[in-house]
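Text of entry.cif, listed as mmCIF, C-alpha atoms:
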data_structure
#
loop_
_atom_site.label_atom_id
_atom_site.label_comp_id
_atom_site.auth_asym_id
_atom_site.auth_seq_id
_atom_site.Cartn_x
_atom_site.Cartn_y
_atom_site.Cartn_z
CA MET A 1 48.84 84.57 94.64
CA SER A 2 49.26 82.31 91.64
CA GLY A 3 48.30 78.73 92.41
CA THR A 4 50.09 77.18 89.46
CA GLY A 5 53.61 76.94 88.12
CA PRO A 6 56.82 75.92 89.83
CA GLN A 7 57.41 76.71 93.46
CA PHE A 8 60.56 77.26 95.44
CA VAL A 9 60.92 76.53 99.12
CA PHE A 10 63.26 78.50 101.36
CA ARG A 11 64.10 78.05 105.02
CA PRO A 12 65.42 80.82 107.26
CA ILE A 13 69.14 81.02 107.99
CA GLY A 14 68.31 82.98 111.12
CA VAL A 15 66.07 85.63 112.63
CA ILE A 16 66.10 89.42 112.97
CA ARG A 17 65.82 90.87 116.46
CA SER A 18 64.71 94.48 116.67
CA GLY A 19 62.79 96.89 118.82
CA HIS A 20 59.98 97.03 116.27
CA THR A 21 56.87 95.11 117.22
CA GLU A 22 54.20 97.03 115.29
CA ALA A 23 54.39 97.41 111.54
CA ALA A 24 52.69 100.81 111.64
CA ARG A 25 55.40 102.14 113.96
CA THR A 26 58.38 100.67 112.10
CA PRO A 27 60.55 102.89 109.87
CA ILE A 28 59.85 102.17 106.22
CA GLN A 29 63.50 102.00 105.11
CA PRO A 30 66.94 101.76 106.77
CA ALA A 31 67.60 105.32 105.54
CA PHE A 32 64.94 106.40 108.06
CA ALA A 33 66.05 104.00 110.78
CA GLU A 34 69.47 105.36 111.67
CA GLY A 35 70.06 104.54 115.32
CA CYS A 36 67.60 101.62 115.26
CA LEU A 37 69.85 98.89 116.53
CA GLY A 38 69.07 95.23 116.15
CA ARG A 39 70.61 91.86 115.49
CA ALA A 40 70.68 89.10 112.94
CA GLU A 41 70.97 85.84 114.85
CA ILE A 42 72.25 83.18 112.49
CA LEU A 43 71.45 79.51 113.11
CA PRO A 44 74.50 77.52 114.26
CA GLU A 45 74.53 75.35 111.13
CA PHE A 46 75.09 78.43 108.95
CA ALA A 47 77.50 80.33 111.20
CA GLU A 48 80.59 79.29 109.22
CA GLY A 49 79.19 81.21 106.25
CA LEU A 50 79.72 84.48 108.14
CA ARG A 51 83.52 84.31 107.93
CA ASP A 52 84.98 87.67 106.75
CA VAL A 53 81.59 89.38 106.71
CA GLU A 54 82.98 91.90 109.23
CA GLY A 55 85.15 93.39 106.49
CA PHE A 56 82.04 94.96 105.02
CA SER A 57 80.45 98.05 106.54
CA HIS A 58 77.04 97.41 104.98
CA LEU A 59 75.08 94.27 104.20
CA TYR A 60 72.02 93.42 102.20
CA LEU A 61 69.54 91.43 104.22
CA ILE A 62 66.97 89.43 102.28
CA PHE A 63 64.08 88.40 104.48
CA VAL A 64 60.47 87.30 104.56
CA LEU A 65 57.85 90.00 105.09
CA ASP A 66 55.99 87.43 107.15
CA ARG A 67 53.32 89.75 108.56
CA ALA A 68 52.66 91.83 105.45
CA GLY A 69 49.18 90.58 104.54
CA PRO A 70 47.90 89.72 101.05
CA ALA A 71 49.53 91.22 97.99
CA ASN A 72 48.28 94.38 96.31
CA LEU A 73 49.29 94.80 92.68
CA VAL A 74 48.38 98.49 92.74
CA LEU A 75 48.64 100.60 95.87
CA LYS A 76 49.29 104.06 97.21
CA PRO A 77 52.83 104.03 98.56
CA PHE A 78 53.38 105.29 102.09
CA MET A 79 55.05 108.43 100.78
CA GLN A 80 52.57 109.49 98.12
CA ASN A 81 48.81 109.62 97.61
CA VAL A 82 48.93 108.27 94.04
CA GLU A 83 48.35 104.67 92.99
CA ARG A 84 51.47 102.87 91.74
CA GLY A 85 52.24 99.34 90.64
CA VAL A 86 53.71 97.32 93.48
CA PHE A 87 56.93 96.66 91.50
CA ALA A 88 57.49 100.44 91.34
CA THR A 89 57.35 100.56 95.16
CA ARG A 90 59.03 98.99 98.16
CA ALA A 91 55.67 98.28 99.81
CA PRO A 92 55.59 95.03 101.81
CA ARG A 93 52.39 93.48 100.40
CA ARG A 94 53.98 91.90 97.32
CA PRO A 95 53.21 88.74 95.30
CA ASN A 96 56.32 87.20 96.90
CA PRO A 97 56.70 88.93 100.28
CA ILE A 98 60.49 89.24 100.11
CA GLY A 99 62.11 92.20 101.84
CA LEU A 100 65.46 93.81 101.01
CA SER A 101 67.26 96.20 103.35
CA ILE A 102 70.76 97.61 103.45
CA VAL A 103 71.90 97.73 107.07
CA ARG A 104 75.13 98.86 108.68
CA LEU A 105 77.15 96.12 110.36
CA VAL A 106 78.24 97.46 113.74
CA ARG A 107 80.07 94.30 114.77
CA ARG A 108 79.99 90.53 114.61
CA GLU A 109 79.92 88.46 117.75
CA GLY A 110 80.16 84.82 116.70
CA SER A 111 76.95 83.99 114.87
CA VAL A 112 75.28 87.28 115.86
CA LEU A 113 75.49 90.39 113.69
CA HIS A 114 74.88 93.66 115.50
CA LEU A 115 73.22 96.06 113.09
CA ASP A 116 72.20 99.69 112.72
CA GLY A 117 69.40 100.93 110.47
CA VAL A 118 67.10 98.03 111.26
CA ASP A 119 63.65 98.53 109.69
CA MET A 120 62.40 94.98 110.19
CA LEU A 121 59.89 93.70 112.70
CA ASP A 122 61.24 91.68 115.60
CA GLY A 123 61.20 87.99 114.69
CA THR A 124 61.52 88.49 110.93
CA PRO A 125 62.81 85.34 109.20
CA LEU A 126 66.13 85.96 107.44
CA LEU A 127 66.80 84.19 104.14
CA ASP A 128 70.15 85.53 102.95
CA ILE A 129 72.94 88.02 103.59
CA LYS A 130 75.03 89.56 100.81
CA PRO A 131 77.86 92.05 101.21
CA TYR A 132 77.06 95.54 99.91
CA THR A 133 79.86 96.20 97.44
CA ALA A 134 80.26 99.72 96.13
CA LYS A 135 81.48 98.71 92.69
CA PHE A 136 78.37 96.59 92.11
CA ASP A 137 75.72 98.36 94.15
CA ARG A 138 76.40 102.10 94.14
CA ILE A 139 74.80 103.30 90.92
CA GLU A 140 75.94 106.86 90.39
CA THR A 141 73.29 108.18 88.05
CA THR A 142 69.72 107.07 88.37
CA ARG A 143 66.22 108.20 87.58
CA ASN A 144 64.10 107.38 90.60
CA GLY A 145 60.58 107.66 89.22
CA TRP A 146 57.92 108.99 91.56
CA GLN A 147 60.41 108.88 94.44
CA ASP A 148 62.15 111.90 92.90
CA ASP A 149 58.95 113.91 93.56
CA VAL A 150 58.86 113.13 97.28
CA ASP A 151 60.10 115.98 99.47
CA PRO A 152 63.20 114.69 101.34
CA GLU A 153 62.32 116.39 104.61
CA GLU A 154 58.76 115.13 104.60
CA ALA A 155 60.02 111.68 103.66
CA ARG A 156 62.36 111.67 106.60
CA ARG A 157 59.67 112.85 109.01
CA LEU A 158 57.04 110.37 107.79
CA GLY A 159 59.42 107.54 107.03
CA ARG A 160 60.61 107.19 110.61
CA ARG A 161 57.00 106.70 111.79
CA GLY A 162 56.88 105.78 115.48
CA TYR A 163 60.63 105.89 115.84
CA THR A 164 61.98 109.03 117.48
CA GLY A 165 64.87 108.09 119.78
CA PRO A 166 68.49 108.14 118.71
CA ALA A 167 69.34 104.63 119.88
CA MET A 168 66.40 102.29 119.99
CA GLN A 169 67.63 98.92 121.14
CA ALA A 170 66.61 95.44 120.21
CA ARG A 171 64.42 94.13 122.97
CA ALA A 172 66.83 91.61 124.38
CA ASP A 173 69.91 93.87 124.28
CA MET B 1 70.18 72.62 103.76
CA SER B 2 68.41 72.61 107.10
CA GLY B 3 65.62 70.10 107.20
CA THR B 4 63.79 71.63 110.12
CA GLY B 5 62.17 74.91 111.00
CA PRO B 6 59.60 76.97 109.14
CA GLN B 7 59.59 77.09 105.38
CA PHE B 8 58.38 79.68 102.94
CA VAL B 9 57.11 78.94 99.47
CA PHE B 10 57.50 81.38 96.60
CA ARG B 11 56.26 81.19 93.03
CA PRO B 12 57.82 83.06 90.10
CA ILE B 13 56.22 86.28 88.89
CA GLY B 14 57.94 85.73 85.56
CA VAL B 15 61.09 84.58 83.83
CA ILE B 16 64.39 86.14 82.73
CA ARG B 17 65.35 85.80 79.08
CA SER B 18 69.02 86.31 78.29
CA GLY B 19 71.75 85.18 75.93
CA HIS B 20 73.47 83.28 78.74
CA THR B 21 73.07 79.54 78.60
CA GLU B 22 76.21 78.37 80.42
CA ALA B 23 76.93 79.47 83.96
CA ALA B 24 80.70 79.40 83.38
CA ARG B 25 80.35 81.89 80.53
CA THR B 26 77.93 84.26 82.25
CA PRO B 27 79.19 87.58 83.70
CA ILE B 28 79.32 87.39 87.46
CA GLN B 29 77.66 90.77 88.11
CA PRO B 30 75.69 93.37 86.12
CA ALA B 31 78.70 95.69 86.52
CA PHE B 32 80.54 93.30 84.18
CA ALA B 33 77.57 92.71 81.89
CA GLU B 34 77.11 96.12 80.30
CA GLY B 35 75.66 95.55 76.87
CA CYS B 36 74.20 92.16 77.82
CA LEU B 37 70.61 92.73 76.85
CA GLY B 38 67.78 90.58 78.08
CA ARG B 39 64.20 90.65 79.22
CA ALA B 40 62.04 90.06 82.23
CA GLU B 41 58.80 88.54 81.01
CA ILE B 42 56.17 89.02 83.69
CA LEU B 43 53.21 86.65 83.94
CA PRO B 44 49.92 88.26 82.85
CA GLU B 45 48.38 88.01 86.32
CA PHE B 46 51.13 90.25 87.75
CA ALA B 47 51.44 92.72 84.87
CA GLU B 48 49.36 95.40 86.61
CA GLY B 49 52.07 95.59 89.28
CA LEU B 50 54.48 97.06 86.70
CA ARG B 51 52.63 100.38 86.46
CA ASP B 52 55.09 103.31 86.72
CA VAL B 53 58.14 101.08 86.85
CA GLU B 54 59.41 102.84 83.71
CA GLY B 55 60.09 105.96 85.80
CA PHE B 56 63.08 104.18 87.30
CA SER B 57 66.33 103.77 85.39
CA HIS B 58 67.51 100.81 87.47
CA LEU B 59 65.70 97.91 89.11
CA TYR B 60 66.61 95.25 91.61
CA LEU B 61 65.72 91.82 90.38
CA ILE B 62 65.36 89.10 92.99
CA PHE B 63 65.48 85.66 91.43
CA VAL B 64 66.12 81.98 92.03
CA LEU B 65 69.63 80.71 91.31
CA ASP B 66 67.95 77.56 90.07
CA ARG B 67 71.03 75.90 88.55
CA ALA B 68 73.56 76.82 91.23
CA GLY B 69 74.13 73.42 92.82
CA PRO B 70 74.40 72.64 96.53
CA ALA B 71 75.37 75.34 98.99
CA ASN B 72 78.94 75.91 100.15
CA LEU B 73 79.32 77.72 103.45
CA VAL B 74 82.98 78.47 102.75
CA LEU B 75 84.32 78.95 99.25
CA LYS B 76 86.92 80.72 97.16
CA PRO B 77 85.11 83.55 95.40
CA PHE B 78 85.52 83.85 91.66
CA MET B 79 87.71 86.93 92.07
CA GLN B 80 90.10 85.73 94.75
CA ASN B 81 91.98 82.57 95.69
CA VAL B 82 91.20 82.84 99.41
CA GLU B 83 88.42 81.01 101.25
CA ARG B 84 85.57 83.25 102.44
CA GLY B 85 82.25 82.68 104.14
CA VAL B 86 79.45 82.53 101.59
CA PHE B 87 77.66 85.49 103.24
CA ALA B 88 80.76 87.61 102.56
CA THR B 89 80.44 86.77 98.84
CA ARG B 90 77.90 86.97 96.04
CA ALA B 91 78.59 83.37 95.01
CA PRO B 92 75.51 81.51 93.75
CA ARG B 93 75.77 78.33 95.83
CA ARG B 94 74.04 79.70 98.94
CA PRO B 95 71.86 78.09 101.63
CA ASN B 96 68.89 79.85 100.01
CA PRO B 97 69.81 80.23 96.32
CA ILE B 98 68.40 83.73 95.95
CA GLY B 99 70.07 86.08 93.48
CA LEU B 100 70.07 89.88 93.53
CA SER B 101 71.07 92.00 90.53
CA ILE B 102 70.71 95.67 89.70
CA VAL B 103 69.85 95.99 86.03
CA ARG B 104 69.18 98.98 83.82
CA LEU B 105 65.64 99.26 82.50
CA VAL B 106 65.90 100.11 78.80
CA ARG B 107 62.14 100.18 78.21
CA ARG B 108 58.89 98.54 79.14
CA GLU B 109 56.68 96.95 76.52
CA GLY B 110 53.49 95.85 78.27
CA SER B 111 54.45 93.03 80.62
CA VAL B 112 57.98 92.74 79.20
CA LEU B 113 60.91 94.69 80.65
CA HIS B 114 63.84 95.17 78.30
CA LEU B 115 67.02 95.21 80.35
CA ASP B 116 70.73 95.92 80.10
CA GLY B 117 73.38 94.44 82.39
CA VAL B 118 71.76 91.01 82.51
CA ASP B 119 73.95 88.50 84.35
CA MET B 120 71.33 85.79 84.75
CA LEU B 121 71.01 82.53 82.90
CA ASP B 122 68.25 82.26 80.33
CA GLY B 123 65.12 80.86 81.97
CA THR B 124 65.91 82.11 85.48
CA PRO B 125 62.75 82.28 87.64
CA LEU B 126 62.02 85.84 88.79
CA LEU B 127 60.58 86.36 92.28
CA ASP B 128 60.39 90.12 92.74
CA ILE B 129 61.25 93.50 91.25
CA LYS B 130 62.01 96.56 93.37
CA PRO B 131 62.89 100.04 92.12
CA TYR B 132 66.49 101.08 92.78
CA THR B 133 66.12 104.32 94.68
CA ALA B 134 69.22 106.45 95.18
CA LYS B 135 68.20 107.79 98.58
CA PHE B 136 67.80 104.26 99.96
CA ASP B 137 70.32 102.26 97.97
CA ARG B 138 73.30 104.44 97.12
CA ILE B 139 75.50 104.20 100.20
CA GLU B 140 78.19 106.83 99.84
CA THR B 141 80.86 105.52 102.18
CA THR B 142 81.45 101.83 102.55
CA ARG B 143 84.14 99.37 103.51
CA ASN B 144 84.00 96.56 101.02
CA GLY B 145 86.00 93.82 102.75
CA TRP B 146 88.08 91.57 100.54
CA GLN B 147 86.48 93.13 97.46
CA ASP B 148 88.57 96.26 98.11
CA ASP B 149 91.70 94.16 97.48
CA VAL B 150 90.59 92.99 94.04
CA ASP B 151 92.27 94.84 91.19
CA PRO B 152 89.49 96.63 89.23
CA GLU B 153 90.97 95.92 85.81
CA GLU B 154 91.48 92.25 86.54
CA ALA B 155 87.98 92.09 88.01
CA ARG B 156 86.54 93.54 84.83
CA ARG B 157 88.50 91.17 82.63
CA LEU B 158 87.65 88.06 84.66
CA GLY B 159 84.16 89.12 85.65
CA ARG B 160 82.87 89.29 82.09
CA ARG B 161 83.91 85.67 81.50
CA GLY B 162 82.69 84.41 78.11
CA TYR B 163 81.05 87.68 77.27
CA THR B 164 83.02 89.88 74.87
CA GLY B 165 80.58 91.57 72.48
CA PRO B 166 79.14 95.00 73.07
CA ALA B 167 75.51 94.07 72.51
CA MET B 168 74.76 90.44 73.23
CA GLN B 169 71.08 89.87 72.63
CA ALA B 170 68.60 87.69 74.38
CA ARG B 171 68.08 84.63 72.25
CA ALA B 172 64.59 85.42 71.09
CA ASP B 173 65.14 89.13 70.39
#

Could you write out this structure as structure tokens?
Amino acid sequence: MSGTGPQFVFRPIGVIRSGHTEAARTPIQPAFAEGCLGRAEILPEFAEGLRDVEGFSHLYLIFVLDRAGPANLVLKPFMQNVERGVFATRAPRRPNPIGLSIVRLVRREGSVLHLDGVDMLDGTPLLDIKPYTAKFDRIETTRNGWQDDVDPEEARRLGRRGYTGPAMQARAD
Amino acid sequence: MSGTGPQFVFRPIGVIRSGHTEAARTPIQPAFAEGCLGRAEILPEFAEGLRDVEGFSHLYLIFVLDRAGPANLVLKPFMQNVERGVFATRAPRRPNPIGLSIVRLVRREGSVLHLDGVDMLDGTPLLDIKPYTAKFDRIETTRNGWQDDVDPEEARRLGRRGYTGPAMQARAD
């Protein structure tokens, strides 16, 4: 978006495999993607970095929203018909199209992580994995802005979008 | 680290201002940085994207660990004298040096976010801001791998590192 200033170059450590091939039919958050199975396939040169990851039940995935389209600074979030600043939303069309999802690690098989709660499109480039750690990441008391006004049942119904089955599989499973 | 494959270029949306100028004296996580005040100064061209962010008490900051040094795939985390894969740790020397911190938003003043729990070095390039949203981000039951073996009191003592005061200020405050 900005053509000036410093730039930082990142290369994928792997790729996400999922059953989601259309953005409009992909759950908007892992919380609405329970049962959506998928995989993170880590490149061989980074596989050693996965040691001990299986001790954690949940992982942060940081990835590139590579099919998100140009950024919108102000937009109506999927859940609400009111314009919000992009940094007050999790919408994918961001100045830096970086995605963040907390997925459940089902099991590790060598350099492949089998995951539940996958809300990423198939083929999404993965940049980093960090262990979800309750003492750092579970904030007990929060104000959640406009999200607190969204009806939880409606959120769940809308947020799943095309996904209805209990155990959608990654395509190559 | 890998010289091949696709690459993605990101440009900062702003900069972090904090009282931390030495990595070795910077708290290792926001959980150990309570009282460390700082700011996210957003570039004017992205300021509109901050609308409504003040409704959220906590924000994810995604930033570049720009002074972290070369990646280590296996390392002894700060809290434990046992080698772990980097993706099972929050250590800064990662294949893609991307940092993730949950900070408390004290207040917004135009394009400046005043923050508590700042564990980033002064001058850190900021890539993205996402609202911490309890229904997506507060995972109630987790296994936390080797982190569950770390003594909480020792973690708190070590994790704060050089920081001892109750209200360290960003340098230019």

Find the residues of region 124-158 of chain B that sit at most 7 Å from region 58-62 of chain B; for each, write down the nearest two atoms and how far apart they are in Å, to one decimal. Count only C-alpha atoms. Sort by chain, then by number going up, and give it as a tab-separated table.
residue	atom	partner	partner_atom	distance
B:Leu126	CA	B:Ile62	CA	6.3
B:Leu127	CA	B:Ile62	CA	5.6
B:Asp128	CA	B:Ile62	CA	5.1
B:Ile129	CA	B:Leu61	CA	4.9
B:Lys130	CA	B:Tyr60	CA	5.1
B:Pro131	CA	B:Leu59	CA	4.6
B:Tyr132	CA	B:Leu59	CA	4.9

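With all atoms listed in the file as the atoms that count, the residue of B:Ala33, B:Ile16, B:Val53, B:Ala24 with the shortest distance to chain A is B:Val53.
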
- Expanded to explicit residues, what is the PyMOL selection byres ((chain A) within 6 of (chain B)) for this file, as an MDAnalysis selection string? chainID A and resid 7:11 31 49:53 55:57 73:74 84:88 96 129:131 133 136 138 142:145

So that I have them on file, write out the residues from the current selection with C-alpha atoms, as an mmCIF file, keeping the file's coordinate frame.
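Final output, part-v6.cif:
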data_model
loop_
_atom_site.group_PDB
_atom_site.id
_atom_site.type_symbol
_atom_site.label_atom_id
_atom_site.label_comp_id
_atom_site.auth_asym_id
_atom_site.auth_seq_id
_atom_site.Cartn_x
_atom_site.Cartn_y
_atom_site.Cartn_z
ATOM 1 C CA GLN A 7 57.410 76.710 93.460
ATOM 2 C CA PHE A 8 60.560 77.260 95.440
ATOM 3 C CA VAL A 9 60.920 76.530 99.120
ATOM 4 C CA PHE A 10 63.260 78.500 101.360
ATOM 5 C CA ARG A 11 64.100 78.050 105.020
ATOM 6 C CA ALA A 31 67.600 105.320 105.540
ATOM 7 C CA GLY A 49 79.190 81.210 106.250
ATOM 8 C CA LEU A 50 79.720 84.480 108.140
ATOM 9 C CA ARG A 51 83.520 84.310 107.930
ATOM 10 C CA ASP A 52 84.980 87.670 106.750
ATOM 11 C CA VAL A 53 81.590 89.380 106.710
ATOM 12 C CA GLY A 55 85.150 93.390 106.490
ATOM 13 C CA PHE A 56 82.040 94.960 105.020
ATOM 14 C CA SER A 57 80.450 98.050 106.540
ATOM 15 C CA LEU A 73 49.290 94.800 92.680
ATOM 16 C CA VAL A 74 48.380 98.490 92.740
ATOM 17 C CA ARG A 84 51.470 102.870 91.740
ATOM 18 C CA GLY A 85 52.240 99.340 90.640
ATOM 19 C CA VAL A 86 53.710 97.320 93.480
ATOM 20 C CA PHE A 87 56.930 96.660 91.500
ATOM 21 C CA ALA A 88 57.490 100.440 91.340
ATOM 22 C CA ASN A 96 56.320 87.200 96.900
ATOM 23 C CA ILE A 129 72.940 88.020 103.590
ATOM 24 C CA LYS A 130 75.030 89.560 100.810
ATOM 25 C CA PRO A 131 77.860 92.050 101.210
ATOM 26 C CA THR A 133 79.860 96.200 97.440
ATOM 27 C CA PHE A 136 78.370 96.590 92.110
ATOM 28 C CA ARG A 138 76.400 102.100 94.140
ATOM 29 C CA THR A 142 69.720 107.070 88.370
ATOM 30 C CA ARG A 143 66.220 108.200 87.580
ATOM 31 C CA ASN A 144 64.100 107.380 90.600
ATOM 32 C CA GLY A 145 60.580 107.660 89.220
#

Lay chain B over chain A using all C-alpha atoms, matched one to one in order, with a least-squares fit; then write it out as a compact mmCIF listing (two decimals) with C-alpha atoms, in the coordinates of the input.
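After the write, selection-v1.txt holds the following:
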# COMPACT_ATOMS: atom_id res chain seq x y z
CA MET B 1 48.88 84.51 94.58
CA SER B 2 49.25 82.27 91.57
CA GLY B 3 48.28 78.72 92.34
CA THR B 4 50.09 77.16 89.42
CA GLY B 5 53.61 76.93 88.10
CA PRO B 6 56.82 75.92 89.81
CA GLN B 7 57.41 76.73 93.44
CA PHE B 8 60.55 77.25 95.43
CA VAL B 9 60.92 76.53 99.11
CA PHE B 10 63.26 78.49 101.35
CA ARG B 11 64.10 78.04 105.01
CA PRO B 12 65.42 80.81 107.28
CA ILE B 13 69.14 81.01 107.99
CA GLY B 14 68.30 82.97 111.12
CA VAL B 15 66.08 85.62 112.64
CA ILE B 16 66.10 89.42 112.97
CA ARG B 17 65.83 90.86 116.46
CA SER B 18 64.72 94.48 116.66
CA GLY B 19 62.78 96.89 118.83
CA HIS B 20 59.97 97.04 116.28
CA THR B 21 56.87 95.13 117.23
CA GLU B 22 54.19 97.03 115.30
CA ALA B 23 54.38 97.41 111.55
CA ALA B 24 52.69 100.83 111.65
CA ARG B 25 55.41 102.16 113.95
CA THR B 26 58.38 100.67 112.11
CA PRO B 27 60.55 102.89 109.86
CA ILE B 28 59.85 102.16 106.23
CA GLN B 29 63.50 101.99 105.12
CA PRO B 30 66.94 101.76 106.77
CA ALA B 31 67.58 105.32 105.53
CA PHE B 32 64.93 106.41 108.06
CA ALA B 33 66.04 104.00 110.78
CA GLU B 34 69.46 105.36 111.68
CA GLY B 35 70.05 104.54 115.31
CA CYS B 36 67.60 101.62 115.26
CA LEU B 37 69.85 98.89 116.54
CA GLY B 38 69.07 95.24 116.15
CA ARG B 39 70.61 91.87 115.48
CA ALA B 40 70.69 89.10 112.95
CA GLU B 41 70.96 85.85 114.86
CA ILE B 42 72.24 83.18 112.49
CA LEU B 43 71.45 79.51 113.11
CA PRO B 44 74.50 77.51 114.25
CA GLU B 45 74.54 75.34 111.13
CA PHE B 46 75.09 78.42 108.94
CA ALA B 47 77.50 80.33 111.19
CA GLU B 48 80.58 79.27 109.21
CA GLY B 49 79.19 81.20 106.24
CA LEU B 50 79.72 84.48 108.14
CA ARG B 51 83.52 84.30 107.93
CA ASP B 52 84.96 87.66 106.77
CA VAL B 53 81.59 89.38 106.71
CA GLU B 54 82.97 91.89 109.24
CA GLY B 55 85.15 93.38 106.49
CA PHE B 56 82.04 94.96 105.02
CA SER B 57 80.45 98.04 106.54
CA HIS B 58 77.04 97.41 104.98
CA LEU B 59 75.09 94.25 104.21
CA TYR B 60 72.01 93.42 102.21
CA LEU B 61 69.54 91.43 104.22
CA ILE B 62 66.97 89.43 102.28
CA PHE B 63 64.08 88.40 104.48
CA VAL B 64 60.47 87.28 104.57
CA LEU B 65 57.85 89.99 105.09
CA ASP B 66 55.98 87.43 107.15
CA ARG B 67 53.32 89.76 108.57
CA ALA B 68 52.65 91.83 105.46
CA GLY B 69 49.19 90.57 104.54
CA PRO B 70 47.90 89.72 101.06
CA ALA B 71 49.54 91.22 98.00
CA ASN B 72 48.28 94.38 96.31
CA LEU B 73 49.29 94.80 92.69
CA VAL B 74 48.38 98.50 92.75
CA LEU B 75 48.64 100.60 95.88
CA LYS B 76 49.29 104.07 97.22
CA PRO B 77 52.83 104.03 98.58
CA PHE B 78 53.39 105.28 102.09
CA MET B 79 55.06 108.43 100.79
CA GLN B 80 52.58 109.49 98.13
CA ASN B 81 48.82 109.62 97.63
CA VAL B 82 48.94 108.28 94.06
CA GLU B 83 48.35 104.68 93.00
CA ARG B 84 51.47 102.87 91.75
CA GLY B 85 52.25 99.35 90.63
CA VAL B 86 53.71 97.33 93.49
CA PHE B 87 56.92 96.67 91.51
CA ALA B 88 57.48 100.44 91.35
CA THR B 89 57.35 100.56 95.17
CA ARG B 90 59.03 98.98 98.17
CA ALA B 91 55.67 98.27 99.82
CA PRO B 92 55.59 95.02 101.81
CA ARG B 93 52.40 93.48 100.41
CA ARG B 94 53.99 91.90 97.33
CA PRO B 95 53.22 88.75 95.32
CA ASN B 96 56.32 87.20 96.91
CA PRO B 97 56.71 88.93 100.30
CA ILE B 98 60.48 89.24 100.12
CA GLY B 99 62.11 92.21 101.83
CA LEU B 100 65.46 93.81 101.00
CA SER B 101 67.26 96.20 103.36
CA ILE B 102 70.77 97.60 103.46
CA VAL B 103 71.91 97.73 107.06
CA ARG B 104 75.13 98.85 108.68
CA LEU B 105 77.15 96.12 110.36
CA VAL B 106 78.25 97.46 113.74
CA ARG B 107 80.08 94.29 114.78
CA ARG B 108 79.99 90.54 114.62
CA GLU B 109 79.92 88.45 117.77
CA GLY B 110 80.17 84.81 116.70
CA SER B 111 76.95 83.99 114.87
CA VAL B 112 75.27 87.27 115.86
CA LEU B 113 75.48 90.39 113.68
CA HIS B 114 74.88 93.65 115.50
CA LEU B 115 73.22 96.06 113.09
CA ASP B 116 72.20 99.69 112.72
CA GLY B 117 69.40 100.93 110.47
CA VAL B 118 67.09 98.03 111.26
CA ASP B 119 63.65 98.52 109.71
CA MET B 120 62.39 94.98 110.20
CA LEU B 121 59.90 93.70 112.70
CA ASP B 122 61.23 91.67 115.60
CA GLY B 123 61.20 87.98 114.69
CA THR B 124 61.51 88.49 110.93
CA PRO B 125 62.81 85.33 109.20
CA LEU B 126 66.14 85.96 107.45
CA LEU B 127 66.81 84.20 104.14
CA ASP B 128 70.15 85.53 102.95
CA ILE B 129 72.94 88.02 103.59
CA LYS B 130 75.03 89.55 100.81
CA PRO B 131 77.86 92.06 101.21
CA TYR B 132 77.06 95.54 99.90
CA THR B 133 79.85 96.20 97.44
CA ALA B 134 80.27 99.73 96.13
CA LYS B 135 81.48 98.70 92.68
CA PHE B 136 78.37 96.58 92.11
CA ASP B 137 75.72 98.36 94.13
CA ARG B 138 76.40 102.09 94.14
CA ILE B 139 74.80 103.30 90.92
CA GLU B 140 75.95 106.86 90.39
CA THR B 141 73.29 108.19 88.05
CA THR B 142 69.72 107.07 88.37
CA ARG B 143 66.21 108.21 87.60
CA ASN B 144 64.11 107.40 90.61
CA GLY B 145 60.57 107.66 89.23
CA TRP B 146 57.92 108.99 91.57
CA GLN B 147 60.41 108.87 94.45
CA ASP B 148 62.15 111.90 92.91
CA ASP B 149 58.96 113.91 93.56
CA VAL B 150 58.86 113.13 97.28
CA ASP B 151 60.10 115.98 99.45
CA PRO B 152 63.18 114.69 101.34
CA GLU B 153 62.32 116.39 104.62
CA GLU B 154 58.76 115.14 104.60
CA ALA B 155 60.01 111.68 103.64
CA ARG B 156 62.35 111.67 106.62
CA ARG B 157 59.65 112.85 108.99
CA LEU B 158 57.03 110.37 107.76
CA GLY B 159 59.42 107.53 107.02
CA ARG B 160 60.60 107.19 110.61
CA ARG B 161 57.01 106.70 111.79
CA GLY B 162 56.88 105.78 115.49
CA TYR B 163 60.61 105.89 115.85
CA THR B 164 61.97 109.05 117.48
CA GLY B 165 64.87 108.10 119.76
CA PRO B 166 68.47 108.16 118.67
CA ALA B 167 69.36 104.67 119.86
CA MET B 168 66.41 102.33 120.00
CA GLN B 169 67.65 98.96 121.17
CA ALA B 170 66.62 95.49 120.23
CA ARG B 171 64.42 94.17 122.98
CA ALA B 172 66.85 91.66 124.39
CA ASP B 173 69.96 93.86 124.24

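Applying the 9 Å criterion to (66.0, 98.9, 115.0) in file coordinates and using all atoms listed in the file, one obtains the residues Arg17, Ser18, Gly19, His20, Thr26, Pro27, Pro30, Ala33, Glu34, Gly35, Cys36, Leu37, Gly38, Arg39, Leu115, Asp116, Gly117, Val118, Asp119, Met120, Leu121, Asp122, Tyr163, Ala167, Met168, Gln169 and Ala170 of chain A.
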
- Message: With the PyMOL selection byres ((chain A and resi 114) around 7) as the selection, what would be picked from this file? Answer as JSON, numbers by chain, please.
- Response: {"A": [38, 39, 40, 105, 106, 107, 108, 112, 113, 115]}

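Distances here use all atoms listed in the file; by that measure, the residue among A:Asp151, A:Gly14, A:Ser111, A:Pro77 closest to Gly123 (chain A) is A:Gly14.
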
- Do you know which residues are at most 12 Å from Glu154 (chain A) counting all atoms listed in the file, after dropping those on the same chain fewer than 5 positions away, and could you put them as a PyMOL selection string? chain A and resi 32+78-80+149+159-161

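Pairwise distance (CA of Arg93 (chain B), CA of Ile42 (chain B)) equals 25.4 Å.
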
If you take every atom of region 28-37 of chain B that the file lists and fit an axis-aligned box around them with 6 Å extra on each side, what centre and edge lengths come out in Å to one decimal, as JSON?
{"center_x": 75.6, "center_y": 91.8, "center_z": 82.5, "size_x": 21.9, "size_y": 20.7, "size_z": 23.3}
